[in-house]
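The structure appears right after this line, and notes come after that.
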Amino acid sequence: SPEWKSNFNSLAKVYREHLKDFEVTIVHVGSTAVPGLCAKPVIDIDIVINSLAQLKEIIPILVKLGYEYLGEVAIPSRFVFRPSDLSVPNDGTGRLWQKHHLYCCLADSTALANHIILRDALRNDELLAREYAELKRMLAANAQNMDEYVMGKTCFITKILAAHGMSTEELLAIEQQNKNVIPALKR
């Protein structure tokens, strides 16, 4: 949807206003960040941070906006903030927001590199984006659960990451993390 970019920009504006005292970058990642790619209507957002000390100062600000801080949830250096409902971030306007996932990622983390490399590869290669879209449609139609859907995408994603220089060790870690992330979020 063309609205995804606009919805991301509106959310990012709220984060920038509340985090104006911090040196952070706010990036749109995931399938909704790739124009024309089929996606679940959920915006994925990474707030790129420089240190755990910075994260400690940011946590109470995001919690005050209505997010629940969940910690790393199976993926190192990617910290999950779950909105309690569609009014989050509660910026005082009463606005209802599009469903979204919010993460703080350390700038030098594999988690952030994974998000950025995949997004940029799909944005820059129309054929690759079409192949990924076909895979996602097939998995959406045939996967028995979210675990199966996530693992079905993992091989395709790790091939892209490998082609863009990610190490074998990092790729194996991503595969293992993908096996653990859905059960960890269900807790």
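Chain labels run A, B, ... following the order of the structure tokens; each chain numbers its residues from 1, and ligands are numbered from 1 in the order shown.
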
| Those in chain A with strand (DSSP E or B) from DSSP, as a ChimeraX atom specification | /A:25-29,43-49,67-71,78-83,100-106

| task | Would you list the contacts of Ser84 of chain A as a list in words, taking every protein, DNA or RNA residue within 7 Å and counting only C-alpha atoms, but skipping same-chain residues closer than 3 positions in sequence? | result |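 My list of contacting residues is Gly66, Tyr67, Glu68 and Val88 of chain A.
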
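By only C-alpha atoms, and with residues fewer than 5 positions from Phe8 of chain A along its chain excluded, the set lying at most 9 Å from it is Glu3, Lys13, Val27, His28, Ala33, Ile43, Asp44, Ile45, Gln98 and His100 of chain A.
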
| request: Could you tell me which of A:Asn50, A:Ser1, A:Asn124, A:Thr154 comes closest to Ala107 of chain A if we count only C-alpha atoms? | output: A:Asn50

| said: So, with only C-alpha atoms as the atoms that count, which of A:Ser87, A:Ser167, A:Asn178, A:Asn145 lies closest to Ala113 of chain A? | reply: A:Ser167

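Between Leu128 of chain A and the candidates A:Val24, A:Ile58, A:Ile160, A:Leu172, the tightest atom-to-atom separation, counting only C-alpha atoms, involves A:Ile160.
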
| said: Using Å and a single decimal, report how far atom CA of Gln54 of chain A sits from atom CA of Thr110 of chain A. | reply: 18.4 Å

| Residue nearest Arg78 of chain A - candidates A:Met138, A:Ile61, A:Gly94, A:Tyr103, atoms counted: only C-alpha atoms |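 Ranked by minimum distance to Arg78 of chain A, first place goes to A:Tyr103.
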
| Lys56 of chain A surroundings by only C-alpha atoms, 12 Å radius, close-in-sequence under 3 positions cut, as a PyMOL selection string | chain A and resi 22+49-53+59-63+69+71+79+104

| message | Using DSSP secondary structure from the backbone, list all helix (DSSP H, G or I) positions within segment 41-146 of chain A, as a ChimeraX atom specification. | response | /A:52-64,110-124,126-142,146

| task | Give the answer as one residue: which of A:Ile157, A:Asp85, A:Val73, A:Pro2 has the shortest atom-to-atom distance to Asn180 of chain A, using only C-alpha atoms? | result | A:Val73

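The shortest atom-to-atom distance to Leu37 of chain A, with only C-alpha atoms taken into account, belongs to A:Glu131 out of A:Glu131, A:Glu72, A:Leu55, A:Leu171.
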
| note | atom CA of Lys99 of chain A sits from atom CA of Pro83 of chain A at a separation of 8.5 Å

| task | Have a look at atom CA of Phe81 of chain A and atom CA of Asp108 of chain A and let me know their distance in Å, one decimal. | result |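 Result for atom CA of Phe81 of chain A versus atom CA of Asp108 of chain A: 19.4 Å, one decimal.
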
| query | Excluding same-chain residues fewer than 5 positions from Asn114 of chain A, what lies within 12 Å of it counting only C-alpha atoms, as an MDAnalysis selection string? | reply | chainID A and resid 29:30 46 75 77:78 105 107:109 119:121 154 157:162 164:167 170:171 173:175 178
